[in-house]
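Student: Below are the structure tokens for one structure; questions will follow.
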Amino acid sequence: SEEDYAPLRAAAAAGRAEFAQAFLGALADPVKRRLASVLLYRTLGPTLPHDASAAAVLWMAAHECARKNPAGVEKAGYGTGLEAGERLFEAIIHGSHGVEITHDDYDASWQRLPHDRINLDVPDLLAAVAALRDRVAPQQDPDWPFVLSAGERRAFTANTIMRDPSWRRRDPDGRLRISVTDATRLGVTTGDQVRLTTRRGSAEVFVDVTESMRSGHISLPNGLGLTVQERTGVAPNELTAAEDRDEWVGTPWHKHVPARLERLKSEA
């Protein structure tokens, strides 16, 4: 409420030292402590230069950094005590580029580990690595001669948000990129349509023939968003089978989807 903001705003107007004292007093209230970022945004935020209200939360982060790592902050040139936190915050606010927050010795990183050592002895993983030498190399399936990389990031990727398709100034159709060699073999050129089929489903897509692709490798962009009336392009997730996934973490192999292509006959 305004009653909560008023004393902090008055303190911020008086100066950063006065604000620090008032803010620390406010944090004694458990409810206000949970809303610390909101309090900073509403009270300290409007006093910051360059319309940087959203950066007010970094004030507390700078002081926490100076409190928890005083040696590193001092070596970075910000001094000691409360003034170190203020100088660090000022450097972040007024810097035109990244700033050095702390300057630490290499060994300091190891001191931050919660344990004396990193445990790399994971029996299941080591057994899997040892078995790699005996694993049979996968053979290409003639029914699926292509490898589809689904989800390529392009200049005008829009995912599945509501987006006016005119926003995309390039690649408005989300074309399937294919190598020159494969395009010649299939008898297609840029702008032609093909039917792309995977174990999960199929879709009709426009082709973009490019020398940047290797033979046997094809690629679709990472979604093209939704319009008010219809979806444009192809949703790669609809072509990706959940069964084909990493054996450890269960993530589908979006970048290695077995596929085939079929040239569509022209209606002319």
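Identifiers in the structure tokens: chain A, B, ... in order shown; residue index from 1 per chain; ligand index from 1 in order shown.
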Got a sec: who's within 8 Å of A:Ala150, counting only C-alpha atoms, leaving out chain neighbours fewer than 6 positions off, as a list in words?
Tutor: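 Residues near the query, excluding close chain neighbours: Ser219, Leu220, Pro221, Asn222, Pro236, Asn237, Thr240, His254, Lys255, His256 and Val257 of chain A.
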Student: Set the distance at 6 Å and use only C-alpha atoms: which residues neighbour stretch 165-176 of chain A once local chain neighbours fewer than 3 positions away are removed? I'd like the list as an MDAnalysis selection string.
Tutor: chainID A and resid 156 206:208 219:220 233
Student: Using the selection just defined, write its residues with N, CA and C atoms as a short mmCIF file (atom, residue, chain, number, x, y, z; two decimals), in the first residue's frame.
Tutor:
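File part-v7.cif, as written:
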data_model
loop_
_atom_site.label_atom_id
_atom_site.label_comp_id
_atom_site.auth_asym_id
_atom_site.auth_seq_id
_atom_site.Cartn_x
_atom_site.Cartn_y
_atom_site.Cartn_z
N PHE A 156 13.76 -14.84 -38.52
CA PHE A 156 12.42 -14.42 -38.14
C PHE A 156 11.64 -15.59 -37.52
N PHE A 206 7.35 -26.20 -48.52
CA PHE A 206 8.07 -25.61 -49.64
C PHE A 206 9.56 -25.84 -49.44
N VAL A 207 10.29 -25.93 -50.55
CA VAL A 207 11.70 -26.28 -50.52
C VAL A 207 12.57 -25.04 -50.74
N ASP A 208 13.67 -25.01 -50.02
CA ASP A 208 14.70 -24.00 -50.23
C ASP A 208 16.01 -24.74 -50.50
N SER A 219 16.34 -29.47 -42.98
CA SER A 219 16.12 -28.66 -41.78
C SER A 219 14.87 -27.82 -41.90
N LEU A 220 14.12 -27.74 -40.79
CA LEU A 220 12.93 -26.89 -40.69
C LEU A 220 13.13 -25.88 -39.57
N GLY A 233 3.01 -22.34 -41.90
CA GLY A 233 4.20 -23.15 -41.75
C GLY A 233 3.91 -24.49 -41.13
#
Student: Considering only C-alpha atoms, return as a ChimeraX atom specification whatever protein or nucleic-acid residues lie within 12 Å of A:Trp253, sequence-local ones (same chain, fewer than 3 positions apart) excluded.
Tutor: /A:147-151,236-237,239-247,249-250,256-258
Student: Could you pull the residues within 12 Å of A:Ile92, counting only C-alpha atoms, minus those fewer than 2 positions along the same chain, as a list in words?
Tutor: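 So the residues in contact are Leu48, Pro49, Ala52, Ala55, Ala56, Val57, Leu58, Trp59, Ala61, Ala62, Tyr78, Gly85, Glu86, Arg87, Leu88, Phe89, Glu90, His94, Gly95, Ser96, His97, Gly98, Val99, Glu100 and Ile101 of chain A.
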Student: Please, which residues of stretch 43-266 of chain A, numbered as in this document, come out strand (DSSP E) from DSSP, as a PyMOL selection string?
Tutor: chain A and resi 146-152+159-162+176-178+193-198+202-209+217-221+224-226+257-263
Student: Enter the distance from atom CA of A:Leu125 to atom CA of A:Trp110, in Å, rounded to one decimal.
Tutor: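 Taking atom CA of A:Leu125 and atom CA of A:Trp110, their separation equals 24.4 Å.
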Student: As a short mmCIF file (atom, residue, chain, number, x, y, z; two decimals) with all heavy atoms, in the first residue's frame, please: the residues near stretch 80-82 of chain A (cut-off 9 Å, only C-alpha atoms, same-chain neighbours under 4 positions excluded).
Tutor:
data_model
loop_
_atom_site.label_atom_id
_atom_site.label_comp_id
_atom_site.auth_asym_id
_atom_site.auth_seq_id
_atom_site.Cartn_x
_atom_site.Cartn_y
_atom_site.Cartn_z
N ALA A 17 22.13 6.57 1.38
CA ALA A 17 22.44 6.11 2.74
C ALA A 17 21.17 6.07 3.59
O ALA A 17 20.94 5.10 4.34
CB ALA A 17 23.48 7.02 3.38
N HIS A 63 24.75 -5.18 -2.84
CA HIS A 63 25.13 -5.17 -1.43
C HIS A 63 25.32 -6.60 -0.91
O HIS A 63 26.22 -6.84 -0.08
CB HIS A 63 24.07 -4.45 -0.60
CG HIS A 63 24.22 -2.96 -0.64
ND1 HIS A 63 25.12 -2.28 0.15
CD2 HIS A 63 23.61 -2.02 -1.41
CE1 HIS A 63 25.04 -0.98 -0.10
NE2 HIS A 63 24.13 -0.79 -1.04
N ALA A 66 28.74 -7.68 -2.06
CA ALA A 66 29.80 -7.07 -1.27
C ALA A 66 29.88 -7.69 0.12
O ALA A 66 30.96 -7.77 0.72
CB ALA A 66 29.58 -5.56 -1.17
N ARG A 67 28.74 -8.14 0.64
CA ARG A 67 28.73 -8.74 1.98
C ARG A 67 29.28 -10.16 1.95
O ARG A 67 30.04 -10.56 2.85
CB ARG A 67 27.29 -8.76 2.52
CG ARG A 67 27.17 -9.30 3.94
CD ARG A 67 25.73 -9.28 4.41
NE ARG A 67 24.89 -10.21 3.66
CZ ARG A 67 24.78 -11.52 3.94
NH1 ARG A 67 25.48 -12.04 4.95
NH2 ARG A 67 23.98 -12.29 3.23
N PRO A 70 33.54 -9.95 0.16
CA PRO A 70 34.18 -8.63 0.32
C PRO A 70 35.55 -8.54 -0.34
O PRO A 70 35.91 -7.50 -0.89
CB PRO A 70 34.25 -8.45 1.83
CG PRO A 70 34.19 -9.84 2.39
CD PRO A 70 33.31 -10.62 1.46
N ALA A 71 36.32 -9.64 -0.30
CA ALA A 71 37.66 -9.61 -0.87
C ALA A 71 37.60 -9.44 -2.38
O ALA A 71 38.34 -8.63 -2.97
CB ALA A 71 38.41 -10.89 -0.51
N VAL A 73 35.13 -8.18 -4.21
CA VAL A 73 34.59 -6.86 -4.55
C VAL A 73 35.66 -5.79 -4.35
O VAL A 73 35.79 -4.86 -5.16
CB VAL A 73 33.34 -6.56 -3.69
CG1 VAL A 73 32.91 -5.11 -3.85
CG2 VAL A 73 32.20 -7.49 -4.10
N GLU A 74 36.44 -5.91 -3.29
CA GLU A 74 37.50 -4.93 -3.04
C GLU A 74 38.57 -5.00 -4.13
O GLU A 74 39.04 -3.97 -4.63
CB GLU A 74 38.12 -5.17 -1.67
CG GLU A 74 39.19 -4.15 -1.31
CD GLU A 74 39.78 -4.38 0.06
OE1 GLU A 74 39.44 -5.41 0.70
OE2 GLU A 74 40.59 -3.54 0.50
N GLU A 86 27.47 0.18 -2.71
CA GLU A 86 26.96 1.34 -3.43
C GLU A 86 27.77 1.61 -4.70
O GLU A 86 27.22 1.89 -5.76
CB GLU A 86 26.98 2.58 -2.53
CG GLU A 86 25.90 2.59 -1.47
CD GLU A 86 24.50 2.62 -2.07
OE1 GLU A 86 24.34 3.14 -3.19
OE2 GLU A 86 23.57 2.12 -1.41
N ARG A 87 29.10 1.51 -4.58
CA ARG A 87 29.95 1.74 -5.76
C ARG A 87 29.70 0.68 -6.83
O ARG A 87 29.69 0.98 -8.02
CB ARG A 87 31.42 1.74 -5.34
CG ARG A 87 31.82 2.94 -4.48
CD ARG A 87 33.33 3.03 -4.39
NE ARG A 87 33.74 4.11 -3.51
CZ ARG A 87 34.21 3.94 -2.27
NH1 ARG A 87 34.32 2.70 -1.78
NH2 ARG A 87 34.56 4.97 -1.54
#
Student: So the first atom is atom CA of A:Ala12 and the second is atom CA of A:Asn69; what is the distance between them in Å, to one decimal place?
Tutor: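 Between these atoms lies a distance of 25.8 Å.
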Student: As a PyMOL selection string, list the residues of stretch 26-243 of chain A assigned to helix (DSSP H, G or I) by DSSP on the backbone atoms of this structure.
Tutor: chain A and resi 26+30-34+36-47+53-68+70-78+81-94+106-111+123-134+165-167+180-186+236-239
Student: Any idea what the distance is between atom CA of A:Ala91 and atom CA of A:Leu35?
Tutor: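 Taking atom CA of A:Ala91 as the start and atom CA of A:Leu35 as the end point, the length is 25.1 Å.
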Student: List as a ChimeraX atom specification the protein and nucleic acid residues near A:Arg260, meaning an atom at most 6 Å away when only C-alpha atoms are counted, but skip any in the same chain fewer than 5 places from it.
Tutor: /A:144-146,197
Student: Give me a file of those residues, with N, CA, C and O atoms, as an mmCIF file, in the first residue's frame.
Tutor:
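Result file is selection_4.cif:
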data_model
loop_
_atom_site.group_PDB
_atom_site.id
_atom_site.type_symbol
_atom_site.label_atom_id
_atom_site.label_comp_id
_atom_site.auth_asym_id
_atom_site.auth_seq_id
_atom_site.Cartn_x
_atom_site.Cartn_y
_atom_site.Cartn_z
ATOM 1 N N TRP A 144 13.983 -44.434 -44.570
ATOM 2 C CA TRP A 144 14.146 -43.096 -44.000
ATOM 3 C C TRP A 144 15.526 -42.567 -44.374
ATOM 4 O O TRP A 144 16.437 -42.526 -43.551
ATOM 5 N N PRO A 145 15.704 -42.141 -45.609
ATOM 6 C CA PRO A 145 17.036 -41.771 -46.095
ATOM 7 C C PRO A 145 17.537 -40.398 -45.632
ATOM 8 O O PRO A 145 18.710 -40.081 -45.828
ATOM 9 N N PHE A 146 16.656 -39.590 -45.033
ATOM 10 C CA PHE A 146 17.050 -38.247 -44.620
ATOM 11 C C PHE A 146 17.080 -38.123 -43.097
ATOM 12 O O PHE A 146 16.360 -38.832 -42.388
ATOM 13 N N THR A 197 7.776 -36.715 -44.610
ATOM 14 C CA THR A 197 7.165 -37.744 -43.770
ATOM 15 C C THR A 197 8.174 -38.247 -42.752
ATOM 16 O O THR A 197 9.334 -38.503 -43.086
#
